[in-house]
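Content type compact mmCIF, C-alpha atoms and all ligand atoms, from the file entry_35.txt:
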```
# COMPACT_ATOMS: atom_id res chain seq x y z
CA MET K 1 -16.07 17.96 -0.40
CA THR K 2 -18.35 19.56 -2.97
CA PRO K 3 -20.40 22.42 -1.50
CA VAL K 4 -24.15 21.75 -1.53
CA SER K 5 -26.95 24.28 -1.05
CA ASP K 6 -30.72 23.96 -0.66
CA LEU K 7 -31.16 27.44 -2.16
CA ASP K 8 -34.10 27.89 -4.54
CA PRO K 9 -33.09 30.59 -7.03
CA PHE K 10 -36.59 30.58 -8.53
CA SER K 11 -38.47 31.23 -5.28
CA PRO K 12 -40.20 34.59 -4.78
CA GLU K 13 -38.11 35.11 -1.61
CA PHE K 14 -34.85 34.74 -3.51
CA ARG K 15 -36.07 36.88 -6.37
CA ALA K 16 -37.20 39.65 -4.01
CA ASP K 17 -33.60 40.09 -2.79
CA PRO K 18 -31.02 37.73 -4.30
CA PHE K 19 -27.96 39.71 -3.18
CA PRO K 20 -27.47 38.27 0.35
CA ARG K 21 -27.92 34.78 -1.16
CA TYR K 22 -25.33 35.58 -3.83
CA ALA K 23 -22.85 36.37 -1.06
CA GLU K 24 -23.53 32.95 0.52
CA LEU K 25 -23.12 31.21 -2.83
CA ARG K 26 -19.83 33.00 -3.53
CA ALA K 27 -18.59 32.12 -0.03
CA ALA K 28 -19.53 28.44 -0.49
CA GLY K 29 -17.06 28.04 -3.35
CA PRO K 30 -16.46 28.42 -7.09
CA ILE K 31 -19.09 25.80 -7.90
CA VAL K 32 -21.99 24.71 -5.69
CA TRP K 33 -24.54 21.90 -6.10
CA LEU K 34 -28.15 23.14 -5.88
CA GLU K 35 -29.83 19.99 -4.64
CA ARG K 36 -33.41 21.13 -5.20
CA TYR K 37 -32.93 21.29 -8.95
CA GLY K 38 -29.94 18.99 -9.44
CA ILE K 39 -27.94 21.76 -11.12
CA TRP K 40 -24.63 23.54 -10.49
CA ALA K 41 -24.34 27.20 -9.50
CA VAL K 42 -21.35 29.42 -10.34
CA SER K 43 -21.29 32.88 -8.78
CA GLN K 44 -17.73 34.14 -8.18
CA PHE K 45 -16.43 36.59 -10.78
CA GLU K 46 -13.53 34.59 -12.29
CA PRO K 47 -15.34 31.23 -12.36
CA VAL K 48 -18.33 32.92 -14.05
CA ARG K 49 -15.97 34.23 -16.72
CA ALA K 50 -14.23 30.86 -17.01
CA VAL K 51 -17.50 28.98 -17.66
CA LEU K 52 -18.74 31.55 -20.18
CA ASN K 53 -15.41 31.57 -22.01
CA ASP K 54 -15.33 27.76 -22.32
CA TRP K 55 -18.00 27.01 -24.91
CA GLN K 56 -16.42 23.63 -25.74
CA ASN K 57 -17.15 22.20 -22.29
CA PHE K 58 -20.08 24.45 -21.32
CA SER K 59 -22.45 24.25 -24.26
CA ASN K 60 -25.42 26.39 -25.22
CA ALA K 61 -27.01 23.58 -27.25
CA GLY K 62 -28.57 22.19 -24.05
CA GLY K 63 -30.91 25.19 -24.02
CA GLY K 64 -30.85 28.75 -22.70
CA GLY K 65 -32.76 27.90 -19.54
CA LEU K 66 -33.24 25.27 -16.85
CA ALA K 67 -34.80 22.81 -19.31
CA ASN K 68 -32.17 20.39 -20.63
CA TYR K 69 -32.56 19.95 -24.40
CA PHE K 70 -30.17 16.98 -24.30
CA LEU K 71 -32.78 15.15 -22.21
CA GLU K 72 -36.16 16.70 -23.07
CA PRO K 73 -37.74 18.29 -26.16
CA PRO K 74 -37.53 22.12 -26.39
CA TRP K 75 -40.73 24.17 -26.01
CA ARG K 76 -40.07 25.86 -29.39
CA PRO K 77 -37.50 25.23 -32.13
CA PRO K 78 -34.23 26.21 -30.40
CA SER K 79 -32.74 29.62 -31.09
CA ILE K 80 -30.08 29.40 -33.82
CA ILE K 81 -28.00 32.14 -32.17
CA LEU K 82 -28.40 31.48 -28.41
CA GLU K 83 -28.93 27.72 -28.24
CA VAL K 84 -26.19 26.53 -30.57
CA ASP K 85 -22.40 26.11 -30.42
CA PRO K 86 -19.66 26.92 -32.91
CA PRO K 87 -19.28 26.28 -35.80
CA ALA K 88 -23.05 26.57 -36.48
CA HIS K 89 -23.16 29.55 -34.10
CA THR K 90 -20.35 31.33 -35.90
CA LYS K 91 -22.40 31.59 -39.09
CA THR K 92 -25.43 33.28 -37.50
CA ARG K 93 -23.28 35.35 -35.13
CA THR K 94 -21.33 36.74 -38.09
CA VAL K 95 -24.55 37.91 -39.77
CA LEU K 96 -25.93 39.53 -36.62
CA SER K 97 -22.59 41.10 -35.64
CA ARG K 98 -22.50 42.90 -38.98
CA ILE K 99 -26.13 44.06 -38.76
CA LEU K 100 -25.51 45.31 -35.20
CA SER K 101 -22.04 46.81 -35.76
CA PRO K 102 -21.37 50.36 -34.48
CA ALA K 103 -21.36 51.66 -38.07
CA ALA K 104 -24.74 50.07 -38.80
CA LEU K 105 -26.22 51.53 -35.61
CA LYS K 106 -25.04 55.10 -36.11
CA HIS K 107 -28.18 56.35 -37.84
CA LEU K 108 -30.39 54.99 -35.05
CA ARG K 109 -29.09 57.36 -32.39
CA THR K 110 -30.93 60.45 -33.65
CA ARG K 111 -34.16 58.47 -33.96
CA PHE K 112 -33.75 57.24 -30.39
CA GLU K 113 -32.98 60.80 -29.20
CA THR K 114 -36.02 62.31 -30.89
CA GLU K 115 -38.31 59.70 -29.37
CA ALA K 116 -36.71 60.02 -25.91
CA ALA K 117 -37.10 63.83 -25.93
CA SER K 118 -40.81 63.73 -26.76
CA LEU K 119 -41.43 60.90 -24.30
CA VAL K 120 -39.73 62.80 -21.47
CA ASP K 121 -41.72 65.95 -22.33
CA ARG K 122 -44.93 63.94 -22.09
CA VAL K 123 -44.13 62.44 -18.66
CA LEU K 124 -42.93 65.80 -17.30
CA ASP K 125 -46.32 67.26 -18.21
CA ARG K 126 -47.98 64.55 -16.16
CA GLY K 127 -45.74 65.02 -13.10
CA THR K 128 -46.55 61.78 -11.29
CA ILE K 129 -46.21 58.62 -13.34
CA ASP K 130 -45.72 54.90 -13.19
CA ALA K 131 -42.31 54.72 -14.84
CA VAL K 132 -42.71 51.06 -15.77
CA PRO K 133 -45.42 51.45 -18.42
CA GLU K 134 -44.82 55.16 -19.09
CA LEU K 135 -41.03 55.14 -19.57
CA ALA K 136 -39.40 51.71 -19.30
CA GLN K 137 -41.91 49.83 -21.47
CA VAL K 138 -42.95 52.39 -24.01
CA PHE K 139 -39.42 53.39 -25.03
CA PRO K 140 -38.08 49.97 -26.23
CA LEU K 141 -41.55 49.04 -27.51
CA THR K 142 -41.28 52.10 -29.75
CA VAL K 143 -37.63 52.50 -30.72
CA PHE K 144 -36.49 48.87 -30.71
CA ALA K 145 -39.56 47.49 -32.47
CA ASP K 146 -39.26 50.34 -35.03
CA ALA K 147 -35.57 49.49 -35.49
CA VAL K 148 -36.46 45.84 -36.20
CA GLY K 149 -38.98 47.14 -38.75
CA LEU K 150 -42.26 46.01 -37.23
CA PRO K 151 -45.49 47.64 -38.44
CA LYS K 152 -45.96 50.98 -36.65
CA ASP K 153 -49.74 51.08 -36.73
CA GLU K 154 -50.55 48.14 -34.46
CA ASP K 155 -50.68 47.39 -30.74
CA ARG K 156 -47.35 45.90 -29.63
CA THR K 157 -48.53 44.36 -26.33
CA ASN K 158 -48.02 40.89 -27.81
CA LEU K 159 -44.27 41.54 -27.73
CA LEU K 160 -44.51 41.75 -23.93
CA LEU K 161 -46.59 38.59 -23.73
CA TYR K 162 -44.08 36.77 -25.95
CA GLY K 163 -41.13 37.98 -23.87
CA ALA K 164 -42.88 36.71 -20.75
CA MET K 165 -43.17 33.29 -22.42
CA VAL K 166 -39.53 33.23 -23.58
CA PHE K 167 -38.09 34.18 -20.21
CA GLY K 168 -40.69 32.20 -18.27
CA ALA K 169 -39.59 29.13 -20.24
CA PHE K 170 -36.02 29.60 -18.90
CA GLY K 171 -37.29 28.74 -15.40
CA PRO K 172 -38.97 25.73 -13.80
CA LYS K 173 -42.37 24.52 -14.98
CA ASN K 174 -44.37 25.90 -12.07
CA GLN K 175 -47.79 27.58 -11.84
CA TRP K 176 -46.39 30.89 -13.07
CA HIS K 177 -44.84 29.20 -16.05
CA ALA K 178 -48.24 27.74 -16.96
CA GLU K 179 -49.82 31.18 -16.64
CA LEU K 180 -47.19 32.85 -18.82
CA MET K 181 -47.57 30.11 -21.44
CA SER K 182 -51.37 30.43 -21.50
CA HIS K 183 -51.16 33.07 -24.28
CA ALA K 184 -49.12 30.80 -26.56
CA ASP K 185 -51.98 29.99 -28.94
CA THR K 186 -52.55 33.61 -29.93
CA VAL K 187 -49.13 35.16 -29.34
CA GLY K 188 -47.06 32.40 -31.01
CA PRO K 189 -48.69 32.77 -34.45
CA TRP K 190 -48.69 36.59 -34.14
CA ILE K 191 -44.91 36.57 -33.58
CA ALA K 192 -44.30 33.99 -36.33
CA GLU K 193 -46.13 36.24 -38.80
CA ARG K 194 -43.99 39.25 -37.89
CA CYS K 195 -40.84 37.22 -38.48
CA GLN K 196 -41.81 37.00 -42.16
CA ARG K 197 -40.20 39.32 -44.69
CA SER K 198 -43.56 40.75 -45.79
CA PHE K 199 -44.19 42.25 -42.33
CA LEU K 200 -40.81 43.97 -42.00
CA SER K 201 -40.05 47.48 -43.25
CA PRO K 202 -37.09 47.69 -45.68
CA ASP K 203 -34.88 49.86 -43.41
CA GLY K 204 -34.89 47.65 -40.29
CA PHE K 205 -32.79 44.87 -38.73
CA GLY K 206 -35.35 42.33 -39.94
CA ALA K 207 -34.96 43.29 -43.61
CA ALA K 208 -31.17 43.29 -43.17
CA ILE K 209 -31.39 39.69 -41.96
CA TYR K 210 -33.41 38.75 -45.05
CA ARG K 211 -30.77 40.41 -47.24
CA ALA K 212 -28.23 37.99 -45.69
CA ALA K 213 -30.56 35.21 -46.86
CA ASP K 214 -30.68 36.73 -50.35
CA ALA K 215 -26.87 36.75 -50.34
CA GLY K 216 -26.87 33.03 -49.53
CA GLU K 217 -25.32 33.39 -46.06
CA ILE K 218 -28.34 31.84 -44.34
CA THR K 219 -31.62 30.25 -45.49
CA GLU K 220 -35.01 32.04 -45.49
CA GLY K 221 -36.06 29.80 -42.60
CA GLU K 222 -32.97 30.80 -40.63
CA ALA K 223 -33.73 34.45 -41.35
CA ALA K 224 -37.18 34.06 -39.78
CA LEU K 225 -35.63 32.40 -36.72
CA LEU K 226 -33.10 35.23 -36.33
CA VAL K 227 -35.88 37.81 -36.47
CA ARG K 228 -37.57 35.71 -33.77
CA SER K 229 -34.40 36.08 -31.66
CA PHE K 230 -34.64 39.88 -31.93
CA LEU K 231 -38.27 39.74 -30.80
CA SER K 232 -37.38 37.28 -28.00
CA ALA K 233 -34.29 38.94 -26.57
CA GLY K 234 -34.56 42.62 -27.44
CA VAL K 235 -37.67 43.89 -25.70
CA ASP K 236 -38.05 42.68 -22.10
CA THR K 237 -34.33 42.74 -21.36
CA THR K 238 -34.03 46.47 -22.02
CA ILE K 239 -37.43 47.30 -20.51
CA ASP K 240 -36.47 45.64 -17.25
CA SER K 241 -32.94 47.05 -17.20
CA ILE K 242 -34.24 50.59 -17.83
CA GLY K 243 -36.86 50.16 -15.08
CA LEU K 244 -34.25 48.94 -12.60
CA ALA K 245 -31.86 51.75 -13.60
CA LEU K 246 -34.59 54.32 -12.90
CA ARG K 247 -35.19 52.72 -9.51
CA CYS K 248 -31.45 52.91 -8.73
CA LEU K 249 -31.54 56.64 -9.45
CA ALA K 250 -34.74 57.25 -7.49
CA GLU K 251 -33.32 55.43 -4.47
CA ALA K 252 -29.94 57.20 -4.56
CA PRO K 253 -30.81 60.93 -4.62
CA GLU K 254 -27.13 62.02 -4.66
CA GLN K 255 -26.55 59.91 -7.78
CA TRP K 256 -29.62 61.42 -9.45
CA ARG K 257 -28.31 64.91 -8.55
CA LEU K 258 -24.99 64.11 -10.20
CA LEU K 259 -26.72 62.93 -13.35
CA ALA K 260 -29.15 65.87 -13.45
CA GLU K 261 -26.15 68.23 -13.24
CA GLN K 262 -24.18 66.28 -15.86
CA PRO K 263 -26.62 64.58 -18.25
CA GLN K 264 -23.68 63.28 -20.32
CA LEU K 265 -23.21 60.77 -17.46
CA GLY K 266 -26.27 58.94 -18.82
CA ARG K 267 -24.16 56.25 -20.44
CA ALA K 268 -22.08 55.66 -17.30
CA ALA K 269 -25.24 55.61 -15.16
CA PHE K 270 -26.87 52.95 -17.32
CA GLU K 271 -23.67 50.89 -17.36
CA GLU K 272 -23.39 51.01 -13.57
CA ALA K 273 -27.06 50.03 -13.26
CA THR K 274 -26.29 47.05 -15.49
CA ARG K 275 -23.51 46.01 -13.12
CA PHE K 276 -25.46 46.79 -9.97
CA ASP K 277 -28.91 45.39 -10.80
CA SER K 278 -29.87 44.33 -14.26
CA SER K 279 -32.54 42.21 -15.88
CA SER K 280 -30.35 39.22 -16.80
CA GLN K 281 -29.19 37.93 -13.42
CA SER K 282 -28.38 34.41 -14.60
CA LEU K 283 -27.69 32.29 -17.68
CA PHE K 284 -27.41 28.55 -18.20
CA ARG K 285 -24.84 26.26 -19.77
CA THR K 286 -24.89 22.45 -20.15
CA THR K 287 -21.80 20.22 -20.01
CA MET K 288 -21.03 18.35 -23.22
CA ASP K 289 -19.18 15.59 -21.38
CA GLU K 290 -17.79 14.78 -17.97
CA VAL K 291 -15.59 17.71 -17.00
CA GLU K 292 -13.58 18.87 -14.01
CA PHE K 293 -14.15 22.45 -12.87
CA ALA K 294 -12.39 24.03 -9.87
CA GLY K 295 -11.53 20.55 -8.61
CA VAL K 296 -15.12 19.28 -8.88
CA ARG K 297 -16.21 16.52 -11.27
CA LEU K 298 -19.32 17.45 -13.30
CA ALA K 299 -21.34 14.74 -15.08
CA LYS K 300 -22.11 14.77 -18.79
CA HIS K 301 -25.16 16.92 -19.69
CA ALA K 302 -25.21 18.65 -16.31
CA LYS K 303 -26.91 22.05 -16.12
CA VAL K 304 -24.88 24.96 -14.80
CA MET K 305 -26.58 28.16 -13.62
CA VAL K 306 -24.22 31.11 -14.05
CA PHE K 307 -24.99 34.11 -11.84
CA LEU K 308 -23.97 37.27 -13.69
CA GLY K 309 -25.59 39.35 -10.96
CA ALA K 310 -23.40 37.70 -8.30
CA ALA K 311 -20.18 38.14 -10.29
CA ASN K 312 -21.02 41.81 -10.66
CA ARG K 313 -21.13 42.17 -6.85
CA ASP K 314 -18.04 40.06 -6.10
CA PRO K 315 -16.15 42.07 -3.42
CA THR K 316 -12.80 40.65 -4.57
CA VAL K 317 -13.30 42.55 -7.86
CA TRP K 318 -15.51 45.54 -7.00
CA GLU K 319 -14.94 48.11 -4.30
CA ASN K 320 -18.10 48.61 -2.26
CA PRO K 321 -19.97 46.33 -4.69
CA ASP K 322 -23.36 47.00 -3.08
CA ARG K 323 -23.09 50.74 -3.67
CA PHE K 324 -24.66 52.19 -6.84
CA ASP K 325 -22.08 54.73 -8.02
CA ILE K 326 -22.37 56.19 -11.50
CA THR K 327 -18.77 57.50 -11.38
CA ARG K 328 -17.37 53.99 -10.84
CA ARG K 329 -15.16 52.22 -13.40
CA THR K 330 -17.49 49.47 -14.63
CA THR K 331 -15.16 47.96 -17.22
CA GLY K 332 -15.23 44.18 -17.09
CA HIS K 333 -18.72 43.76 -15.63
CA VAL K 334 -20.51 40.72 -17.02
CA GLY K 335 -24.05 42.09 -17.23
CA TYR K 336 -24.14 41.30 -20.96
CA GLY K 337 -22.33 37.99 -20.54
CA VAL K 338 -18.91 37.37 -22.07
CA GLY K 339 -17.35 35.10 -24.69
CA VAL K 340 -18.81 33.95 -28.03
CA HIS K 341 -22.36 34.33 -26.69
CA GLY K 342 -21.87 37.77 -25.15
CA CYS K 343 -24.95 39.87 -25.98
CA VAL K 344 -24.74 40.59 -29.71
CA ALA K 345 -27.07 43.60 -29.43
CA GLN K 346 -25.44 45.12 -26.35
CA MET K 347 -24.66 48.33 -28.26
CA VAL K 348 -28.36 48.78 -29.01
CA ALA K 349 -29.28 48.12 -25.36
CA ARG K 350 -26.65 50.60 -24.16
CA MET K 351 -27.82 53.23 -26.62
CA GLU K 352 -31.43 52.85 -25.46
CA GLY K 353 -30.47 53.20 -21.80
CA GLU K 354 -28.05 56.04 -22.39
CA VAL K 355 -30.35 58.07 -24.61
CA LEU K 356 -33.34 57.74 -22.29
CA LEU K 357 -31.41 58.56 -19.08
CA THR K 358 -29.66 61.48 -20.77
CA ALA K 359 -32.94 62.92 -22.12
CA LEU K 360 -34.49 62.58 -18.67
CA ALA K 361 -31.52 64.22 -16.95
CA ARG K 362 -31.48 67.14 -19.43
CA ARG K 363 -35.07 68.11 -18.75
CA THR K 364 -35.75 66.90 -15.22
CA ASP K 365 -34.78 68.63 -12.02
CA ALA K 366 -36.41 66.53 -9.30
CA LEU K 367 -36.99 62.78 -9.56
CA ALA K 368 -38.31 60.97 -6.50
CA LEU K 369 -40.25 57.87 -5.54
CA ALA K 370 -43.98 58.58 -5.26
CA GLY K 371 -44.77 55.15 -3.81
CA ALA K 372 -43.17 51.77 -3.29
CA PRO K 373 -41.59 50.17 -6.37
CA LYS K 374 -42.62 46.54 -6.82
CA LEU K 375 -40.52 43.77 -8.31
CA ARG K 376 -42.11 41.17 -10.54
CA LEU K 377 -41.49 37.93 -8.69
CA THR K 378 -42.92 35.59 -11.32
CA THR K 379 -40.68 33.30 -13.36
CA GLY K 380 -38.51 35.18 -15.84
CA LEU K 381 -36.24 38.18 -15.99
CA ARG K 382 -35.60 40.45 -13.03
CA GLY K 383 -37.69 43.57 -13.39
CA LEU K 384 -40.30 45.86 -11.88
CA SER K 385 -44.06 45.71 -12.17
CA THR K 386 -44.48 49.27 -10.92
CA LEU K 387 -42.27 52.29 -10.20
CA PRO K 388 -44.25 55.34 -9.03
CA LEU K 389 -42.19 58.47 -9.69
CA GLU K 390 -42.74 62.16 -9.17
CA LEU K 391 -40.92 64.31 -11.71
CA ARG K 392 -40.39 68.06 -11.89
CA ALA K 393 -39.09 69.79 -14.99
CA LYS K 394 -36.00 72.00 -14.97
CA LEU K 395 -36.82 75.69 -15.35
C1 LIG K 401 -33.17 35.42 -25.13
C2 LIG K 401 -33.10 33.99 -28.65
C3 LIG K 401 -30.14 34.81 -22.78
C4 LIG K 401 -31.02 35.97 -22.59
C5 LIG K 401 -30.52 36.93 -21.56
C6 LIG K 401 -31.41 36.70 -23.82
C7 LIG K 401 -31.89 35.92 -25.02
C8 LIG K 401 -31.02 35.80 -26.08
C9 LIG K 401 -31.41 35.17 -27.25
C10 LIG K 401 -32.69 34.65 -27.36
C11 LIG K 401 -33.58 34.78 -26.30
O1 LIG K 401 -32.25 33.88 -29.53
O2 LIG K 401 -34.28 33.63 -28.77
```
Re-express the file's structure as structure tokens.
Amino acid sequence: MTPVSDLDPFSPEFRADPFPRYAELRAAGPIVWLERYGIWAVSQFEPVRAVLNDWQNFSNAGGGGLANYFLEPPWRPPSIILEVDPPAHTKTRTVLSRILSPAALKHLRTRFETEAASLVDRVLDRGTIDAVPELAQVFPLTVFADAVGLPKDEDRTNLLLYGAMVFGAFGPKNQWHAELMSHADTVGPWIAERCQRSFLSPDGFGAAIYRAADAGEITEGEAALLVRSFLSAGVDTTIDSIGLALRCLAEAPEQWRLLAEQPQLGRAAFEEATRFDSSSQSLFRTTMDEVEFAGVRLAKHAKVMVFLGAANRDPTVWENPDRFDITRRTTGHVGYGVGVHGCVAQMVARMEGEVLLTALARRTDALALAGAPKLRLTTGLRGLSTLPLELRAKL
């Protein structure tokens, strides 16, 4: 018998606290039918890895979200890195892997560190802050958008509105989705313009993508779409993961103490936060054909929801999975996905998280909640809408 669940993974109740529901899903079996949406759910650690490693059967061409591009038209031209399978994927992945290689990223670290230091000084002067706008948002909006090569002298709020559209579009077409899409007429053209070569500074990721077009590896049109992927995937994901990481630290004073005493644990702290509670809790795949998985027969063009966040709490893999512990061995967590579509910019994301947490830990003695953090329960990524923090500088 195939396990069936009436769980609604897009409901505000689920999104407020998905972890007890993840445990139920894992207990129900390696693959569970979610009858409300007519999709499959995979939540145990090994099955999550198995689906993500099998791109032949579990395709990305059916779309990155709940919408099934095999059956309905996409809301925008599909991503040519996320929503495509090998061999087409291999071509774009090769270009981005080179642009985002450790060697290519080396020079960014000092820029990130300089920005993090001055940002932390500013918030320490203020004492009590909302860490969502004042730390989590402003840091990627500055360092990541600069790294892409976007104009420095303009308001970047449209990046947030676009991210809300992109990640909203991964969910069901409910009232929230309509609200998030309501900015499309102004934000869409604004983004499209910034994907053009003329808007991108010569030292950024964007210009590097256009150089791959000049070299004949991709077309100019493909270059614009790859810049669009940076602006789609690179902003909200890190903002929300940084916000959640800060909440983890604020809610576990002994872990904050450890980090404040050893700021070089910043990288480990961000990695553990990515295992424990990160912005990308789920991904989607679509079957290419009928396929058997864990003894269950899946139809052709079936949607599969893959719960990274549940795999990262699987008690058969992680000791005390529900404990946030920055000294834990996090190797093997699937917070960035795995396989050919594993996050291509994960080294940039890690560097952002590490540098910001380290800068904060170097200068900050006390860090405590100054009010109740609030999760954003609307369609899209997992993240906070507010995180009131009280900070006190080290002497
Ligand atoms: C979003 C794109 C799958 C998400 C966690 C991240 C994401 C990746 C790529 C794109 C958008 O290429 O537009």
Surrounding residues as an MDAnalysis selection string, ligand LIG 401 (chain K), max 6 Å, only C-alpha atoms and all ligand atoms | chainID K and resid 79 81:82 229 232:233 280
Give me the residues within 9 Å of segment 41-51 of chain K as an NGL selection string, counting all atoms listed in the file and dropping any in the same chain fewer than 6 places off.
-> :K and (22-23 or 25-27 or 29-34 or 57-58 or 285 or 293-294 or 303-314 or 316-317 or 333-334 or 337-339)
Counting all atoms listed in the file, what is within 10 Å of segment 150-155 of chain K, bar same-chain residues fewer than 5 positions away, as a PyMOL selection string?
-> chain K and resi 141-142+144-145+194-195+199-201+204-206+231
Atom CA of Leu356 of chain K to atom CA of Pro102 of chain K: how many Å, to one decimal?
-> 18.6 Å
Could you produce a table of the residues of segment 70-168 of chain K lying within 12 Å of segment 217-220 of chain K, with the nearest pair of atoms per residue and their separation in Å rounded to one decimal, using all atoms listed in the file, ordered by chain and increasing residue number, as a Markdown table?
```
| residue | atom | partner | partner_atom | distance |
| --- | --- | --- | --- | --- |
| K:Ile80 | CA | K:Ile218 | CA | 10.9 |
| K:Ala88 | CA | K:Ile218 | CA | 10.8 |
| K:His89 | CA | K:Ile218 | CA | 11.7 |
| K:Thr90 | CA | K:Glu217 | CA | 11.5 |
| K:Lys91 | CA | K:Glu217 | CA | 7.8 |
| K:Thr92 | CA | K:Ile218 | CA | 7.6 |
| K:Arg93 | CA | K:Ile218 | CA | 11.1 |
| K:Thr94 | CA | K:Glu217 | CA | 9.5 |
| K:Val95 | CA | K:Glu217 | CA | 7.8 |
| K:Leu96 | CA | K:Ile218 | CA | 11.2 |
```
Name the residues in contact with segment 8-14 of chain K at a cut-off of 8 Å, using only C-alpha atoms, excluding same-chain residues fewer than 3 positions from it; report them as a list in words.
-> Asp17, Pro18, Arg21, Leu34, Arg36, Gly171, Pro172, Leu377, Thr378 and Thr379 of chain K
Spatial sel., origin (-42.4, 34.3, -34.3), limit 8 Å, all atoms listed in the file, listed as a list of chain:residue names |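 The requested residues, written out, are K:Gly188, K:Pro189, K:Trp190, K:Ile191, K:Ala192, K:Glu193, K:Arg194, K:Cys195, K:Ala224, K:Leu225, K:Val227, K:Arg228, K:Leu231.
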Using atom CA of Leu7 of chain K and atom CA of Leu283 of chain K as the two end points, give the distance in Å to one decimal.
->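 One can read the atom CA of Leu7 of chain K to atom CA of Leu283 of chain K distance as 16.6 Å.
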With distances taken over all atoms listed in the file, which of K:Ala169, K:Cys343, K:Thr287, K:Leu161 is nearest to Asp185 of chain K?
-> K:Leu161
Mind checking which residues fall within 10 Å of Trp256 of chain K, counting all atoms listed in the file, ignoring those fewer than 4 positions away in the same chain, and posting them as JSON, numbers by chain?
-> {"K": [246, 248, 249, 250, 251, 252, 260, 261, 262, 263, 269, 326, 361, 365, 366, 367, 368]}
Generate a file of the selected residues that holds C-alpha atoms, formatted as a PDB file, in the frame of the given file.
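Saved to out_33.pdb:
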```pdb
ATOM      1  CA  LEU K 246     -34.590  54.320 -12.900  1.00  0.00           C
ATOM      2  CA  CYS K 248     -31.450  52.910  -8.730  1.00  0.00           C
ATOM      3  CA  LEU K 249     -31.540  56.640  -9.450  1.00  0.00           C
ATOM      4  CA  ALA K 250     -34.740  57.250  -7.490  1.00  0.00           C
ATOM      5  CA  GLU K 251     -33.320  55.430  -4.470  1.00  0.00           C
ATOM      6  CA  ALA K 252     -29.940  57.200  -4.560  1.00  0.00           C
ATOM      7  CA  ALA K 260     -29.150  65.870 -13.450  1.00  0.00           C
ATOM      8  CA  GLU K 261     -26.150  68.230 -13.240  1.00  0.00           C
ATOM      9  CA  GLN K 262     -24.180  66.280 -15.860  1.00  0.00           C
ATOM     10  CA  PRO K 263     -26.620  64.580 -18.250  1.00  0.00           C
ATOM     11  CA  ALA K 269     -25.240  55.610 -15.160  1.00  0.00           C
ATOM     12  CA  ILE K 326     -22.370  56.190 -11.500  1.00  0.00           C
ATOM     13  CA  ALA K 361     -31.520  64.220 -16.950  1.00  0.00           C
ATOM     14  CA  ASP K 365     -34.780  68.630 -12.020  1.00  0.00           C
ATOM     15  CA  ALA K 366     -36.410  66.530  -9.300  1.00  0.00           C
ATOM     16  CA  LEU K 367     -36.990  62.780  -9.560  1.00  0.00           C
ATOM     17  CA  ALA K 368     -38.310  60.970  -6.500  1.00  0.00           C
TER      18      ALA K 368
END
```
